[in-house]
Each structure stands twice: as C-alpha cells, then as structure tokens.
$ cat structure03.csv   # CSV, C-alpha atoms and all ligand atoms
chain,number,residue,atom,x,y,z
A,248,MET,CA,0.0,0.0,0.0
A,249,PHE,CA,1.1,3.5,-0.8
A,250,GLN,CA,-0.3,6.5,1.0
A,251,ILE,CA,0.1,10.3,0.8
A,252,ASP,CA,-1.0,12.4,3.8
A,253,ALA,CA,-0.7,16.0,4.7
A,254,LEU,CA,1.0,17.0,7.9
A,255,PRO,CA,-0.2,20.5,8.8
A,256,ALA,CA,2.5,23.1,9.7
A,257,PHE,CA,2.5,26.8,10.6
A,258,SER,CA,-0.8,28.5,9.9
A,259,ASP,CA,-1.6,27.1,6.4
A,260,ASN,CA,1.3,24.9,5.2
A,261,TYR,CA,1.0,21.2,4.4
A,262,LEU,CA,4.0,18.9,4.5
A,263,TRP,CA,3.2,16.0,2.2
A,264,LEU,CA,4.2,12.6,3.7
A,265,LEU,CA,4.6,9.7,1.2
A,266,GLN,CA,4.4,6.3,2.9
A,267,ASP,CA,5.4,3.0,1.4
A,268,HIS,CA,3.8,0.4,3.7
A,269,ALA,CA,5.8,-2.5,2.2
A,270,SER,CA,9.2,-1.1,3.1
A,271,ARG,CA,8.0,1.1,6.0
A,272,HIS,CA,9.9,3.9,4.4
A,273,CYS,CA,8.5,7.4,4.0
A,274,ALA,CA,9.5,10.6,2.3
A,275,VAL,CA,8.4,14.2,3.0
A,276,VAL,CA,8.0,17.2,0.6
A,277,ASP,CA,9.0,20.7,1.8
A,278,PRO,CA,9.4,20.2,5.6
A,279,GLY,CA,9.5,23.8,6.7
A,280,ASP,CA,9.3,22.5,10.2
A,281,ALA,CA,10.8,19.3,11.5
A,282,ALA,CA,8.5,18.9,14.4
A,283,PRO,CA,5.4,17.5,12.7
A,284,VAL,CA,7.5,14.9,10.9
A,285,LEU,CA,9.4,13.9,14.0
A,286,ALA,CA,6.1,13.6,15.9
A,287,TRP,CA,4.7,11.3,13.1
A,288,LEU,CA,7.8,9.1,13.2
A,289,ALA,CA,7.6,8.9,17.0
A,290,ALA,CA,3.9,7.8,16.7
A,291,HIS,CA,4.8,5.2,14.0
A,292,PRO,CA,7.6,3.0,15.3
A,293,GLY,CA,9.5,1.0,12.7
A,294,TRP,CA,9.1,3.6,10.0
A,295,GLN,CA,12.1,5.4,8.6
A,296,LEU,CA,12.3,8.7,6.8
A,297,SER,CA,14.4,8.0,3.7
A,298,ASP,CA,14.0,11.0,1.5
A,299,ILE,CA,13.3,14.7,1.6
A,300,LEU,CA,12.1,16.5,-1.6
A,301,ILE,CA,12.4,20.3,-1.7
A,302,THR,CA,10.7,22.6,-4.3
A,303,HIS,CA,12.3,26.0,-3.5
A,304,HIS,CA,14.3,27.8,-0.9
A,305,HIS,CA,11.7,29.7,1.2
A,306,PRO,CA,12.1,29.1,5.0
A,307,ASP,CA,8.6,27.6,5.3
A,308,HIS,CA,9.7,24.9,2.9
A,309,VAL,CA,13.3,24.2,4.1
A,310,GLY,CA,13.3,25.2,7.8
A,311,GLY,CA,13.2,21.6,9.0
A,312,VAL,CA,15.5,20.0,6.5
A,313,ALA,CA,18.8,20.1,8.5
A,314,GLN,CA,17.2,18.8,11.7
A,315,LEU,CA,15.4,16.0,9.9
A,316,LYS,CA,18.5,14.9,8.0
A,317,ALA,CA,20.5,14.9,11.2
A,318,ALA,CA,17.9,12.8,13.0
A,319,THR,CA,17.2,10.3,10.2
A,320,GLY,CA,20.0,10.4,7.7
A,321,ALA,CA,17.4,11.0,4.9
A,322,ARG,CA,18.7,12.0,1.5
A,323,VAL,CA,17.8,15.6,0.4
A,324,TYR,CA,16.8,16.4,-3.1
A,325,GLY,CA,16.4,20.0,-4.2
A,326,PRO,CA,16.7,22.5,-7.1
A,327,ALA,CA,20.3,23.0,-8.4
A,328,ARG,CA,19.7,26.7,-8.9
A,329,GLU,CA,18.8,27.6,-5.3
A,330,GLN,CA,20.6,27.4,-1.9
A,331,ILE,CA,19.0,24.4,-0.2
A,332,PRO,CA,20.3,23.4,3.3
A,333,ALA,CA,21.9,19.9,3.5
A,334,ARG,CA,21.1,19.2,-0.1
A,335,ASP,CA,22.5,15.8,-1.4
A,336,VAL,CA,21.1,15.8,-4.9
A,337,ALA,CA,20.9,19.0,-7.1
A,338,LEU,CA,18.2,18.7,-9.7
A,339,VAL,CA,17.5,20.4,-13.1
A,340,GLU,CA,14.8,20.1,-15.7
A,341,GLY,CA,14.3,16.6,-16.9
A,342,ASP,CA,16.2,14.8,-14.2
A,343,CYS,CA,14.8,11.5,-13.2
A,344,PHE,CA,15.2,9.6,-9.9
A,345,THR,CA,13.5,7.0,-7.7
A,346,VAL,CA,12.1,7.5,-4.3
A,347,LEU,CA,10.2,4.8,-2.4
A,348,GLY,CA,10.3,2.7,-5.6
A,349,ARG,CA,8.5,5.4,-7.5
A,350,ASP,CA,10.0,7.3,-10.4
A,351,PHE,CA,9.9,11.1,-10.4
A,352,VAL,CA,10.8,13.6,-13.1
A,353,VAL,CA,11.8,17.2,-12.4
A,354,HIS,CA,10.1,20.2,-14.1
A,355,GLU,CA,11.7,23.6,-13.7
A,356,VAL,CA,8.8,26.1,-12.9
A,357,PRO,CA,10.3,29.5,-12.3
A,358,GLY,CA,8.1,32.5,-11.2
A,359,HIS,CA,7.5,32.3,-7.4
A,360,THR,CA,11.3,31.8,-7.1
A,361,LEU,CA,13.8,31.6,-10.0
A,362,GLY,CA,15.0,28.1,-9.3
A,363,HIS,CA,11.6,26.6,-8.2
A,364,ILE,CA,11.1,22.9,-9.3
A,365,ALA,CA,8.1,20.6,-9.3
A,366,TYR,CA,8.2,16.8,-8.9
A,367,TYR,CA,6.0,14.7,-11.2
A,368,HIS,CA,5.4,10.9,-10.9
A,369,ALA,CA,4.1,9.6,-14.2
A,370,ASP,CA,1.6,6.8,-13.8
A,371,ALA,CA,-1.0,5.5,-16.3
A,372,GLU,CA,-3.8,5.6,-13.7
A,373,GLN,CA,-2.7,7.9,-10.9
A,374,PRO,CA,0.0,10.5,-11.7
A,375,TRP,CA,1.1,12.9,-8.9
A,376,LEU,CA,2.5,16.4,-8.9
A,377,PHE,CA,4.2,18.1,-6.0
A,378,CYS,CA,4.3,21.7,-7.2
A,379,GLY,CA,5.3,23.7,-4.1
A,380,ASP,CA,4.2,27.4,-4.4
A,381,THR,CA,3.7,27.5,-8.1
A,382,LEU,CA,0.2,26.1,-8.9
A,383,PHE,CA,-2.3,26.4,-6.1
A,384,ALA,CA,-5.9,25.1,-6.1
A,385,ALA,CA,-7.7,27.9,-8.0
A,386,GLY,CA,-4.7,30.1,-7.8
A,387,CYS,CA,-0.9,30.5,-8.1
A,388,GLY,CA,2.1,31.6,-6.1
A,389,ARG,CA,3.1,35.2,-5.8
A,390,LEU,CA,5.9,36.5,-8.1
A,391,PHE,CA,8.7,37.1,-5.5
A,392,GLU,CA,11.5,36.6,-8.0
A,393,GLY,CA,10.3,35.8,-11.5
A,394,THR,CA,8.3,37.7,-14.1
A,395,PRO,CA,4.7,37.2,-15.2
A,396,GLN,CA,6.0,35.6,-18.4
A,397,GLN,CA,8.0,33.0,-16.5
A,398,MET,CA,5.2,32.1,-14.2
A,399,ASN,CA,2.6,31.9,-17.0
A,400,ALA,CA,5.0,29.6,-18.9
A,401,SER,CA,5.5,27.5,-15.8
A,402,LEU,CA,1.7,27.1,-15.2
A,403,GLN,CA,1.1,26.2,-18.9
A,404,HIS,CA,3.9,23.6,-18.5
A,405,LEU,CA,2.0,22.1,-15.5
A,406,ALA,CA,-1.4,22.4,-17.2
A,407,ALA,CA,-0.1,20.2,-20.0
A,408,LEU,CA,0.3,17.2,-17.6
A,409,PRO,CA,-2.5,14.5,-17.8
A,410,ASP,CA,-5.9,15.6,-16.5
A,411,ALA,CA,-5.9,12.8,-13.9
A,412,THR,CA,-2.8,14.1,-12.2
A,413,ARG,CA,-3.3,14.7,-8.5
A,414,VAL,CA,-1.9,18.1,-7.6
A,415,TYR,CA,-0.3,18.5,-4.1
A,416,CYS,CA,0.2,22.1,-3.3
A,417,THR,CA,1.8,23.3,-0.1
A,418,HIS,CA,-0.7,25.8,1.2
A,419,GLU,CA,-4.4,25.8,2.2
A,420,TYR,CA,-5.3,28.8,0.1
A,421,THR,CA,-8.1,27.2,-1.9
A,422,LEU,CA,-11.2,29.0,-0.4
A,423,SER,CA,-9.8,32.5,-0.7
A,424,ASN,CA,-8.5,31.7,-4.2
A,425,LEU,CA,-12.0,30.5,-5.2
A,426,HIS,CA,-13.5,33.9,-4.0
A,427,VAL,CA,-11.2,35.6,-6.5
A,428,ALA,CA,-11.9,33.0,-9.2
A,429,HIS,CA,-15.7,33.6,-8.7
A,430,ALA,CA,-15.2,37.4,-9.0
A,431,VAL,CA,-13.2,36.9,-12.2
A,432,GLU,CA,-15.7,34.4,-13.7
A,433,PRO,CA,-19.0,34.9,-12.0
A,434,HIS,CA,-20.8,32.8,-14.7
A,435,ASN,CA,-18.5,29.8,-14.6
A,436,PRO,CA,-20.6,26.9,-13.1
A,437,ALA,CA,-17.5,24.8,-12.2
A,438,ILE,CA,-16.1,27.6,-10.1
A,439,ALA,CA,-19.5,28.2,-8.4
A,440,ALA,CA,-19.8,24.5,-7.6
A,441,ARG,CA,-16.3,24.2,-6.3
A,442,LEU,CA,-16.7,27.4,-4.1
A,443,LYS,CA,-19.8,25.8,-2.5
A,444,GLU,CA,-18.1,22.5,-2.0
A,445,ILE,CA,-14.9,23.8,-0.5
A,446,SER,CA,-16.8,26.3,1.7
A,447,ALA,CA,-18.5,23.3,3.2
A,448,TRP,CA,-15.3,21.3,3.5
A,449,ARG,CA,-13.4,24.1,5.2
A,450,ALA,CA,-16.3,24.8,7.6
A,451,ALA,CA,-16.0,21.1,8.6
A,452,GLY,CA,-12.2,21.4,9.0
A,453,ARG,CA,-11.5,19.2,6.0
A,454,ILE,CA,-8.5,19.7,3.8
A,455,SER,CA,-9.2,21.0,0.3
A,456,LEU,CA,-6.3,19.1,-1.4
A,457,PRO,CA,-5.1,17.4,-3.5
A,458,SER,CA,-6.6,18.9,-6.6
A,459,THR,CA,-6.3,17.6,-10.1
A,460,ILE,CA,-5.1,19.1,-13.3
A,461,ALA,CA,-8.6,18.7,-14.8
A,462,LEU,CA,-10.2,20.6,-12.0
A,463,GLU,CA,-7.6,23.3,-12.2
A,464,LYS,CA,-8.1,23.8,-15.9
A,465,ALA,CA,-11.9,24.2,-15.2
A,466,THR,CA,-11.7,26.5,-12.2
A,467,ASN,CA,-8.3,28.2,-11.9
A,468,PRO,CA,-8.3,31.6,-13.6
A,469,PHE,CA,-4.5,31.6,-13.9
A,470,LEU,CA,-4.8,28.6,-16.3
A,471,ARG,CA,-7.7,30.2,-18.1
A,472,CYS,CA,-6.2,33.6,-19.2
A,473,ALA,CA,-7.0,32.9,-22.8
A,474,GLU,CA,-10.8,32.4,-22.1
A,475,THR,CA,-13.1,35.1,-23.6
A,476,SER,CA,-14.9,35.4,-20.3
A,477,ILE,CA,-11.7,36.4,-18.6
A,478,GLN,CA,-10.5,38.7,-21.4
A,479,GLU,CA,-13.9,40.5,-21.2
A,480,LYS,CA,-13.7,40.9,-17.4
A,481,LEU,CA,-10.2,42.4,-17.7
A,482,ASP,CA,-11.6,44.8,-20.4
A,483,GLU,CA,-14.2,45.9,-17.8
A,484,ARG,CA,-11.4,46.6,-15.2
A,485,ASP,CA,-8.5,47.9,-17.3
A,486,GLY,CA,-10.4,49.1,-20.4
A,487,PRO,CA,-10.5,47.3,-23.7
A,488,LEU,CA,-7.0,46.2,-24.8
A,489,GLN,CA,-5.3,43.8,-27.0
A,490,ARG,CA,-3.6,41.6,-24.5
A,491,SER,CA,-1.1,38.8,-24.9
A,492,PRO,CA,-1.7,35.8,-22.7
A,493,ASP,CA,1.2,36.9,-20.5
A,494,GLU,CA,-0.3,40.4,-20.1
A,495,ALA,CA,-3.7,38.9,-19.2
A,496,PHE,CA,-1.9,36.7,-16.6
A,497,ALA,CA,-0.1,39.8,-15.2
A,498,SER,CA,-3.3,41.7,-15.0
A,499,LEU,CA,-5.0,38.8,-13.1
A,500,ARG,CA,-2.1,38.4,-10.8
A,501,ARG,CA,-2.3,42.2,-9.9
A,502,TRP,CA,-6.0,41.8,-9.3
A,503,LYS,CA,-5.4,38.9,-7.0
A,504,ASP,CA,-2.7,40.8,-5.1
A,505,ASN,CA,-5.1,43.6,-4.3
A,506,PHE,CA,-8.3,41.5,-3.7
A,507,ARG,CA,-10.1,42.0,-0.5
A,508,THR,CA,-12.8,39.6,0.7
A,509,GLY,CA,-15.8,40.7,2.8
B,601,ZN,ZN,7.4,30.0,-1.3

$ encode --input "structure03.csv" --output "structure tokens"
Amino acid sequence: MFQIDALPAFSDNYLWLLQDHASRHCAVVDPGDAAPVLAWLAAHPGWQLSDILITHHHPDHVGGVAQLKAATGARVYGPAREQIPARDVALVEGDCFTVLGRDFVVHEVPGHTLGHIAYYHADAEQPWLFCGDTLFAAGCGRLFEGTPQQMNASLQHLAALPDATRVYCTHEYTLSNLHVAHAVEPHNPAIAARLKEISAWRAAGRISLPSTIALEKATNPFLRCAETSIQEKLDERDGPLQRSPDEAFASLRRWKDNFRTG
C-alpha cells in the first residue's frame, strides 16, 4: 500500500508525507518545520524517513531539513539553482530519480522563485505532482523573483500534464482563491460549484487538497487567461485592450494581489 497524507504546519502549510507500507519507508516534501515529521515518526515506530524533496528555498519549505536529515539520515533532493540546506542531490529540468520505488521527473517552474522545481510521478492511472508554491488550487504563487511571463509559462507547462494528475500544493489557500476566481468568472458553473463544496469542507475542518489538473483547468483563472470570459472581465477593469496571454496573466495576478474579501 502507498499513501500520501498532509502534515499541517505553521498557519496554512502542508508537509506531504509519502508512505510505502511494504518497506515502511517514508518521504516528505517541503518540511518547513521538522516537528510534525518527528512527531509522526515517533507515533509510527518501525518507520524510517528515507528521502526529503524540496521545491524551493523559502524558509517555510526548508526550515526543518537540516534537523530531519541529522535525526534520520534522509537523502535531500532540491533545485540546483537555489541554496538548499543539506542538499545531497541537485536537480535540473528533466532529471529522473526514484524515491520509495516510485519514479519522479523534475520540471523547472520559475516564477514564485527563480529556481523553483516541481516533482512529477508519471503513472498510467494515478500520476502525482508536487508543485510547491507554483500552482495552487484555484490560484498560483506570488511573483517574488520571477516575471509574469516566466510564471505563466511554468503554469502552462504544468497544465499540459495529464488531466488525472493529482496536484499536491503546499498551502491551504483554496477558499480565498475561489472567491477571487468567482469574481473573475461569475458565470463559470464549475467555479461556483467548487466554491460551494470547498466552503462546506473548510467549515467542517476538511483539507481542500489534493486537486487535479482537470479541476484546475476548469476553475483556476490563472490557467484560463485565454478564455473570452476572462478577457472581457479584464476589459471591464482595465479598459478594452489587445492583451497577450502573458499580459492577461499579469493583470489577473495584480487583481489577486489587491483582492479583499468581505
Ligand atoms: Zn514560497
């Protein structure tokens, strides 16, 4: 049996814990804090943390790496283009490696940070994507280092993955993202339905992730910049313009940055 669970950290981070029950080995993605992982290991005697996968250098993603490696001897994978504490394996676009008997391929997805990578496990039935702070459910990461062009290209790159791909993002931002998505596309029934569903889930304390690529293509405005409905909404806000897809993305990102709910 293979299992992927979220360990909550800080106010809204998830550390994704991959568990291979046959070997009793586990791996964690973006452990910004060692404590939730060490607590899980203490509660599951006989399990060993063998691997740590890092998407980018922000402290809420790497803060626990050195302590976890010291405590467990886990191997640390991370982007070659960023400073990652205790990194053993430096990864670039197209690199392939095996963790817990599963193959992963690396996609470079600059924008949130310049060296940001995503981890993709190709599988005929159930592919997975660990995309850090690049693609969020119904949203995308802030542009701390990259340009709108870079982030838009990175998101298009991820959107080209199979529809069934499960998307494991690292923050619980879905509900606030859906409020923005609903404002951008008030007549999109998939967004309205998802907003209703996730509102109920969050009220019940339920996690909103993972998402899927299919669901994101239907409800994430940042993957839908070329849609007429979004272009018309941007015309309403910014005046009628000829926009490239990158300019539409940049305008949406500014809107999101300034959005206030309630
Ligand atoms: Zn980040």

$ residues_around --input "structure03.csv" --residues "range 407-412 of chain A" --least-positions-apart "3" --cutoff "12 Å" --atoms "all atoms listed in the file" --output "PyMOL selection string"
chain A and resi 352+354+365-378+400-404+415+457-465+470

$ atom_distance --input "structure03.csv" --atom1 "CA of Ala289 in chain A" --atom2 "CA of Leu456 in chain A"
25.2 Å

$ closest_atom_pairs --input "structure03.csv" --of "range 290-343 of chain A" --to "range 264-278 of chain A" --cutoff "7 Å" --atoms "all atoms listed in the file" --output "JSON lines"
{"residue": "A:Gly293", "atom": "CA", "partner": "A:Arg271", "partner_atom": "CA", "distance": 6.9}
{"residue": "A:Trp294", "atom": "CA", "partner": "A:Arg271", "partner_atom": "CA", "distance": 4.8}
{"residue": "A:Gln295", "atom": "CA", "partner": "A:His272", "partner_atom": "CA", "distance": 5.0}
{"residue": "A:Leu296", "atom": "CA", "partner": "A:Cys273", "partner_atom": "CA", "distance": 4.9}
{"residue": "A:Ser297", "atom": "CA", "partner": "A:Ala274", "partner_atom": "CA", "distance": 5.7}
{"residue": "A:Asp298", "atom": "CA", "partner": "A:Ala274", "partner_atom": "CA", "distance": 4.6}
{"residue": "A:Ile299", "atom": "CA", "partner": "A:Val275", "partner_atom": "CA", "distance": 5.1}
{"residue": "A:Leu300", "atom": "CA", "partner": "A:Val276", "partner_atom": "CA", "distance": 4.7}
{"residue": "A:Ile301", "atom": "CA", "partner": "A:Asp277", "partner_atom": "CA", "distance": 4.9}
{"residue": "A:Thr302", "atom": "CA", "partner": "A:Asp277", "partner_atom": "CA", "distance": 6.6}
{"residue": "A:His308", "atom": "CA", "partner": "A:Asp277", "partner_atom": "CA", "distance": 4.4}
{"residue": "A:Val309", "atom": "CA", "partner": "A:Pro278", "partner_atom": "CA", "distance": 5.8}
{"residue": "A:Gly310", "atom": "CA", "partner": "A:Pro278", "partner_atom": "CA", "distance": 6.7}
{"residue": "A:Gly311", "atom": "CA", "partner": "A:Pro278", "partner_atom": "CA", "distance": 5.3}
{"residue": "A:Val312", "atom": "CA", "partner": "A:Pro278", "partner_atom": "CA", "distance": 6.2}

$ closest_residue --input "structure03.csv" --among "A:Ala337, A:Ala286, A:Gly379, A:Asp482" --to "Trp263 in chain A" --atoms "all atoms listed in the file"
A:Gly379

$ closest_residue --input "structure03.csv" --among "A:Asp493, A:Val323, A:Leu254, A:His303" --to "Trp287 in chain A" --atoms "all atoms listed in the file"
A:Leu254

$ residues_near_ligand --input "structure03.csv" --ligand "ligand ZN 601 (chain B)" --cutoff "9 Å" --atoms "all atoms listed in the file" --output "MDAnalysis selection string"
chainID A and resid 302:308 359:360 363 379:381 388:389 391 417

$ closest_residue --input "structure03.csv" --among "A:Gly348, A:Leu361, A:Ile445, A:Cys416" --to "Ala327 in chain A" --atoms "all atoms listed in the file"
A:Leu361

$ atom_distance --input "structure03.csv" --atom1 "CA of Pro357 in chain A" --atom2 "CA of Gln397 in chain A"
5.9 Å

$ closest_residue --input "structure03.csv" --among "A:Ala290, A:Ala473, A:Ala497, A:Ile454" --to "Cys387 in chain A" --atoms "all atoms listed in the file"
A:Ala497

$ atom_distance --input "structure03.csv" --atom1 "CA of His429 in chain A" --atom2 "CA of Gln489 in chain A"
23.4 Å

$ residues_around --input "structure03.csv" --residues "Lys503 in chain A" --least-positions-apart "6" --cutoff "9 Å" --atoms "all atoms listed in the file" --output "PyMOL selection string"
chain A and resi 386+424+427

$ residues_near_point --input "structure03.csv" --point "(-17.4, 27.0, -9.1)" --cutoff "9 Å" --atoms "only C-alpha atoms" --output "PDB file with C-alpha atoms, in the frame of the given file"
ATOM      1  CA  LEU A 425     -12.000  30.500  -5.200  1.00  0.00           C
ATOM      2  CA  ALA A 428     -11.900  33.000  -9.200  1.00  0.00           C
ATOM      3  CA  HIS A 429     -15.700  33.600  -8.700  1.00  0.00           C
ATOM      4  CA  GLU A 432     -15.700  34.400 -13.700  1.00  0.00           C
ATOM      5  CA  PRO A 433     -19.000  34.900 -12.000  1.00  0.00           C
ATOM      6  CA  HIS A 434     -20.800  32.800 -14.700  1.00  0.00           C
ATOM      7  CA  ASN A 435     -18.500  29.800 -14.600  1.00  0.00           C
ATOM      8  CA  PRO A 436     -20.600  26.900 -13.100  1.00  0.00           C
ATOM      9  CA  ALA A 437     -17.500  24.800 -12.200  1.00  0.00           C
ATOM     10  CA  ILE A 438     -16.100  27.600 -10.100  1.00  0.00           C
ATOM     11  CA  ALA A 439     -19.500  28.200  -8.400  1.00  0.00           C
ATOM     12  CA  ALA A 440     -19.800  24.500  -7.600  1.00  0.00           C
ATOM     13  CA  ARG A 441     -16.300  24.200  -6.300  1.00  0.00           C
ATOM     14  CA  LEU A 442     -16.700  27.400  -4.100  1.00  0.00           C
ATOM     15  CA  LYS A 443     -19.800  25.800  -2.500  1.00  0.00           C
ATOM     16  CA  GLU A 444     -18.100  22.500  -2.000  1.00  0.00           C
ATOM     17  CA  ALA A 465     -11.900  24.200 -15.200  1.00  0.00           C
ATOM     18  CA  THR A 466     -11.700  26.500 -12.200  1.00  0.00           C
TER      19      THR A 466
END

$ closest_residue --input "structure03.csv" --among "A:Met248, A:Ala451, A:Val339, A:Ile477" --to "Ala495 in chain A" --atoms "all atoms listed in the file"
A:Ile477

$ closest_residue --input "structure03.csv" --among "A:Glu479, A:Asp252, A:Asp259, A:Glu474" --to "Pro492 in chain A" --atoms "all atoms listed in the file"
A:Glu474
